[in-house]
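First up is the structure itself, then whatever we jot down about it.
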Amino acid sequence: MTRLRTAILISGRGTNMEAILQAAQTDGYPAEPVLILSNRPNAKGLETAAKVGLAAVAVDHKPFGQDRESFERALHAVLIEHEVEMVVLAGFMRILTPWFVQQWEGRMINIHPSLLPKYPGLNTHQRALDAGDEEAGCSVHWVTEGVDEGAVIAQARVPILDGDTADDLAARVLGEEHQLYPRATALAAREILSKKKPLPV
Ligand code: GAR
């Protein structure tokens, strides 16, 4: 069976990455993680990935300063070198330029800790609490040029309970993310495989 060569991009602890790595060990899973890429050299997720023998690469964004496209050209070169066919953003905390998005559009997905279209951007849990919402959740979506705006692939919901803090809510949502992201990654991978879109160069 064909499996899509998949890069997971992280910036930190990488627990969603771990959930996908685990799912990818099951028979018939359509995505094969071949590369873990971080913009932070000290991301804990890089260590986790290296321990299980995966290519774990850091491209530090800091030396590029404000030049986001040059940073992304360096990222892109690593993705091409590893013959990546799908990009999974899993807690990758950099906003991407239109140039990078255009290279990978239709092959790149993201997980966001809110019920999109509610609360794109940061501080999603506090914003849900401040709004008096009764539920929160997470969304997996195709990445397009607008931040957190692409078509939603799948969502999961949790209740907001009396007395919840943003941290309580983040922990409850994260548990759902770990179920949702492996499932949504498989859905997206099957869709990409069926479309046979040309690969970026
Ligand atoms: C997750 O909650 C993810 O939804 C969020 O960062 C966390 C990463 O955790 N992503 C964003 O906020 C993207 N805008 P992890 O490193 O343990 O997977």
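Following the order of the structure tokens, first chain is A, next is B, and so on, with residues numbered from 1 inside each chain and ligands from 1 in the order they appear.
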With the cut-off set at 6 Å and counting only C-alpha atoms and all ligand atoms, tabulate each residue of chain A with an atom at most that distance from an atom of ligand 1, showing the nearest atom pair and its distance in Å to one decimal, ordered by chain and increasing number, as JSON lines.
{"residue": "A:Gly12", "atom": "CA", "partner": "ligand 1", "partner_atom_place_in_ligand_line": "16 (O)", "distance": 4.9}
{"residue": "A:Arg13", "atom": "CA", "partner": "ligand 1", "partner_atom_place_in_ligand_line": "16 (O)", "distance": 4.2}
{"residue": "A:Gly14", "atom": "CA", "partner": "ligand 1", "partner_atom_place_in_ligand_line": "16 (O)", "distance": 3.4}
{"residue": "A:Thr15", "atom": "CA", "partner": "ligand 1", "partner_atom_place_in_ligand_line": "17 (O)", "distance": 3.6}
{"residue": "A:Asn16", "atom": "CA", "partner": "ligand 1", "partner_atom_place_in_ligand_line": "18 (O)", "distance": 3.7}
{"residue": "A:Met17", "atom": "CA", "partner": "ligand 1", "partner_atom_place_in_ligand_line": "18 (O)", "distance": 5.9}
{"residue": "A:Ala90", "atom": "CA", "partner": "ligand 1", "partner_atom_place_in_ligand_line": "18 (O)", "distance": 5.3}
{"residue": "A:Gly91", "atom": "CA", "partner": "ligand 1", "partner_atom_place_in_ligand_line": "8 (C)", "distance": 3.6}
{"residue": "A:Met93", "atom": "CA", "partner": "ligand 1", "partner_atom_place_in_ligand_line": "13 (C)", "distance": 5.8}
{"residue": "A:Ile111", "atom": "CA", "partner": "ligand 1", "partner_atom_place_in_ligand_line": "4 (O)", "distance": 5.1}
{"residue": "A:His112", "atom": "CA", "partner": "ligand 1", "partner_atom_place_in_ligand_line": "4 (O)", "distance": 4.3}
{"residue": "A:Pro113", "atom": "CA", "partner": "ligand 1", "partner_atom_place_in_ligand_line": "4 (O)", "distance": 4.2}
{"residue": "A:Gly121", "atom": "CA", "partner": "ligand 1", "partner_atom_place_in_ligand_line": "14 (N)", "distance": 5.9}
{"residue": "A:Leu174", "atom": "CA", "partner": "ligand 1", "partner_atom_place_in_ligand_line": "2 (O)", "distance": 5.5}
Saved selection, atoms kept: N, CA and C atoms, as an mmCIF file, in the first residue's frame:
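As written to disk, again31.cif reads:
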data_model
loop_
_atom_site.group_PDB
_atom_site.id
_atom_site.type_symbol
_atom_site.label_atom_id
_atom_site.label_comp_id
_atom_site.auth_asym_id
_atom_site.auth_seq_id
_atom_site.Cartn_x
_atom_site.Cartn_y
_atom_site.Cartn_z
ATOM 1 N N GLY A 12 7.682 22.638 20.052
ATOM 2 C CA GLY A 12 7.846 22.404 21.486
ATOM 3 C C GLY A 12 7.759 20.955 21.880
ATOM 4 N N ARG A 13 6.818 20.691 22.820
ATOM 5 C CA ARG A 13 6.841 19.367 23.460
ATOM 6 C C ARG A 13 6.456 18.224 22.525
ATOM 7 N N GLY A 14 5.594 18.471 21.548
ATOM 8 C CA GLY A 14 5.339 17.447 20.527
ATOM 9 C C GLY A 14 4.455 16.293 20.954
ATOM 10 N N THR A 15 3.456 16.555 21.805
ATOM 11 C CA THR A 15 2.604 15.422 22.193
ATOM 12 C C THR A 15 1.656 15.017 21.064
ATOM 13 N N ASN A 16 1.216 15.957 20.256
ATOM 14 C CA ASN A 16 0.411 15.576 19.083
ATOM 15 C C ASN A 16 1.256 14.774 18.097
ATOM 16 N N MET A 17 2.500 15.188 17.921
ATOM 17 C CA MET A 17 3.423 14.412 17.082
ATOM 18 C C MET A 17 3.491 12.967 17.577
ATOM 19 N N ALA A 90 2.060 20.535 13.913
ATOM 20 C CA ALA A 90 1.593 20.024 15.206
ATOM 21 C C ALA A 90 2.210 20.870 16.311
ATOM 22 N N GLY A 91 1.567 22.021 16.575
ATOM 23 C CA GLY A 91 2.140 22.947 17.546
ATOM 24 C C GLY A 91 3.328 23.688 16.953
ATOM 25 N N MET A 93 4.630 26.981 15.841
ATOM 26 C CA MET A 93 4.129 28.296 16.247
ATOM 27 C C MET A 93 4.725 29.437 15.412
ATOM 28 N N ILE A 111 -3.378 21.632 13.321
ATOM 29 C CA ILE A 111 -4.352 21.492 14.406
ATOM 30 C C ILE A 111 -4.378 22.787 15.198
ATOM 31 N N HIS A 112 -5.604 23.216 15.531
ATOM 32 C CA HIS A 112 -5.775 24.483 16.239
ATOM 33 C C HIS A 112 -6.690 24.237 17.437
ATOM 34 N N PRO A 113 -6.322 24.778 18.619
ATOM 35 C CA PRO A 113 -7.090 24.460 19.829
ATOM 36 C C PRO A 113 -8.323 25.331 20.036
ATOM 37 N N GLY A 121 -5.827 32.221 15.947
ATOM 38 C CA GLY A 121 -4.743 32.917 16.647
ATOM 39 C C GLY A 121 -4.474 32.329 18.018
ATOM 40 N N LEU A 174 -6.507 19.099 24.933
ATOM 41 C CA LEU A 174 -5.329 18.368 24.435
ATOM 42 C C LEU A 174 -5.596 16.857 24.371
#
Non-local contacts of Asn42 in chain A (9 Å; only C-alpha atoms; under 5 positions in same chain excluded) as a PyMOL selection string: chain A and resi 11-12+47+58
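Excluding Pro159 in chain A and any residue on its chain fewer than 6 positions from it, the residues at most 8 Å away by only C-alpha atoms are Glu134, Glu135 and Ala136 of chain A.
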DSSP alpha helix (DSSP H) residues within range 1-93 of chain A, as a ChimeraX atom specification: /A:15-23,44-51,68-81
Within 9 Å of Val173 in chain A, counting only C-alpha atoms, which residues qualify if same-chain residues fewer than 5 places away don't, as an mmCIF file with N, CA, C and O atoms, in the first residue's frame?
data_model
loop_
_atom_site.group_PDB
_atom_site.id
_atom_site.type_symbol
_atom_site.label_atom_id
_atom_site.label_comp_id
_atom_site.auth_asym_id
_atom_site.auth_seq_id
_atom_site.Cartn_x
_atom_site.Cartn_y
_atom_site.Cartn_z
ATOM 1 N N PRO A 113 -6.322 24.778 18.619
ATOM 2 C CA PRO A 113 -7.090 24.460 19.829
ATOM 3 C C PRO A 113 -8.323 25.331 20.036
ATOM 4 O O PRO A 113 -8.459 25.994 21.072
ATOM 5 N N SER A 114 -9.203 25.350 19.044
ATOM 6 C CA SER A 114 -10.519 25.995 19.207
ATOM 7 C C SER A 114 -11.464 25.370 18.198
ATOM 8 O O SER A 114 -11.032 24.659 17.278
ATOM 9 N N ALA A 136 -15.819 23.947 24.220
ATOM 10 C CA ALA A 136 -14.592 24.329 23.524
ATOM 11 C C ALA A 136 -14.172 23.107 22.709
ATOM 12 O O ALA A 136 -14.924 22.139 22.610
ATOM 13 N N GLY A 137 -12.973 23.170 22.138
ATOM 14 C CA GLY A 137 -12.564 22.008 21.356
ATOM 15 C C GLY A 137 -11.362 22.306 20.491
ATOM 16 O O GLY A 137 -10.612 23.257 20.742
ATOM 17 N N CYS A 138 -11.187 21.467 19.471
ATOM 18 C CA CYS A 138 -10.044 21.607 18.578
ATOM 19 C C CYS A 138 -10.482 21.284 17.159
ATOM 20 O O CYS A 138 -11.475 20.585 16.958
ATOM 21 N N ALA A 156 -13.264 18.190 17.369
ATOM 22 C CA ALA A 156 -13.712 17.470 18.570
ATOM 23 C C ALA A 156 -14.110 18.514 19.602
ATOM 24 O O ALA A 156 -13.519 19.600 19.663
ATOM 25 N N ARG A 157 -15.118 18.180 20.417
ATOM 26 C CA ARG A 157 -15.689 19.137 21.377
ATOM 27 C C ARG A 157 -15.520 18.633 22.795
ATOM 28 O O ARG A 157 -15.551 17.419 23.030
ATOM 29 N N VAL A 158 -15.369 19.567 23.718
ATOM 30 C CA VAL A 158 -15.389 19.226 25.152
ATOM 31 C C VAL A 158 -16.291 20.244 25.857
ATOM 32 O O VAL A 158 -16.422 21.382 25.390
ATOM 33 N N ASP A 168 -6.953 24.277 32.755
ATOM 34 C CA ASP A 168 -7.841 23.102 32.830
ATOM 35 C C ASP A 168 -8.393 22.775 31.442
ATOM 36 O O ASP A 168 -8.417 21.617 31.011
ATOM 37 N N HIS A 178 -5.257 14.567 20.851
ATOM 38 C CA HIS A 178 -4.472 13.338 20.638
ATOM 39 C C HIS A 178 -5.290 12.237 19.973
ATOM 40 O O HIS A 178 -4.723 11.340 19.341
#
Selected residue of minimal separation from Thr185 in chain A among A:Ala154, A:Leu35, A:Ala131, A:Leu75, counting only C-alpha atoms: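 Closest to Thr185 in chain A, using only C-alpha atoms: A:Ala154.
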Surrounding residues of Val78 in chain A excluding itself and chain neighbours under 6 positions, 12 Å, only C-alpha atoms, as a list in words: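 Contacts, with the query itself left out: Ala7, Leu9, Val34, Leu35, Ile36, Leu37, Ser38, Ala55, Ala56, Val57, Ala58, Val59, Phe71, Glu72, Val84, Val87 and Val201 of chain A.
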Two-atom distance - CA of Glu149 in chain A, CA of Ala24 in chain A (Å):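 Computing it gives 26.8 Å between the two atoms.
When only C-alpha atoms are used to measure the gap to His141 in chain A, the shortest distance among A:Ala170, A:Gly106, A:Gln126, A:Ile20 belongs to A:Gly106.
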12 Å contact set for Pro198 in chain A, only C-alpha atoms, chain neighbours under 6 positions out, as a PyMOL selection string: chain A and resi 85-86+103-107+192
Who sits within 9 Å of Ala188 in chain A, only C-alpha atoms, same chain under 6 positions skipped, as a PyMOL selection string: chain A and resi 107-109+142+153
Residues from last step as file, N, CA, C and O atoms, as a PDB file, in the first residue's frame:
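Output (part.pdb):
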ATOM      1  N   ARG A 107      -1.522  19.964   0.565  1.00  0.00           N
ATOM      2  CA  ARG A 107      -0.717  18.886   1.152  1.00  0.00           C
ATOM      3  C   ARG A 107      -0.330  19.209   2.599  1.00  0.00           C
ATOM      4  O   ARG A 107       0.517  18.534   3.179  1.00  0.00           O
ATOM      5  N   MET A 108      -0.905  20.262   3.179  1.00  0.00           N
ATOM      6  CA  MET A 108      -0.474  20.713   4.516  1.00  0.00           C
ATOM      7  C   MET A 108      -1.692  20.929   5.407  1.00  0.00           C
ATOM      8  O   MET A 108      -2.652  21.609   5.013  1.00  0.00           O
ATOM      9  N   ILE A 109      -1.637  20.367   6.623  1.00  0.00           N
ATOM     10  CA  ILE A 109      -2.738  20.503   7.580  1.00  0.00           C
ATOM     11  C   ILE A 109      -2.201  21.024   8.916  1.00  0.00           C
ATOM     12  O   ILE A 109      -1.002  20.963   9.194  1.00  0.00           O
ATOM     13  N   TRP A 142      -7.126  22.281   6.604  1.00  0.00           N
ATOM     14  CA  TRP A 142      -6.138  22.494   5.536  1.00  0.00           C
ATOM     15  C   TRP A 142      -5.529  23.871   5.734  1.00  0.00           C
ATOM     16  O   TRP A 142      -6.230  24.811   6.145  1.00  0.00           O
ATOM     17  N   ILE A 153     -11.253  19.871   8.447  1.00  0.00           N
ATOM     18  CA  ILE A 153     -11.315  18.433   8.130  1.00  0.00           C
ATOM     19  C   ILE A 153     -12.093  17.693   9.216  1.00  0.00           C
ATOM     20  O   ILE A 153     -12.905  16.822   8.929  1.00  0.00           O
TER      21      ILE A 153
END
Secondary structure check, strand (DSSP E or B) residues of chain A, as a ChimeraX atom specification: /A:4-10,31-38,55-58,86-89,108-112,135-142,152-159
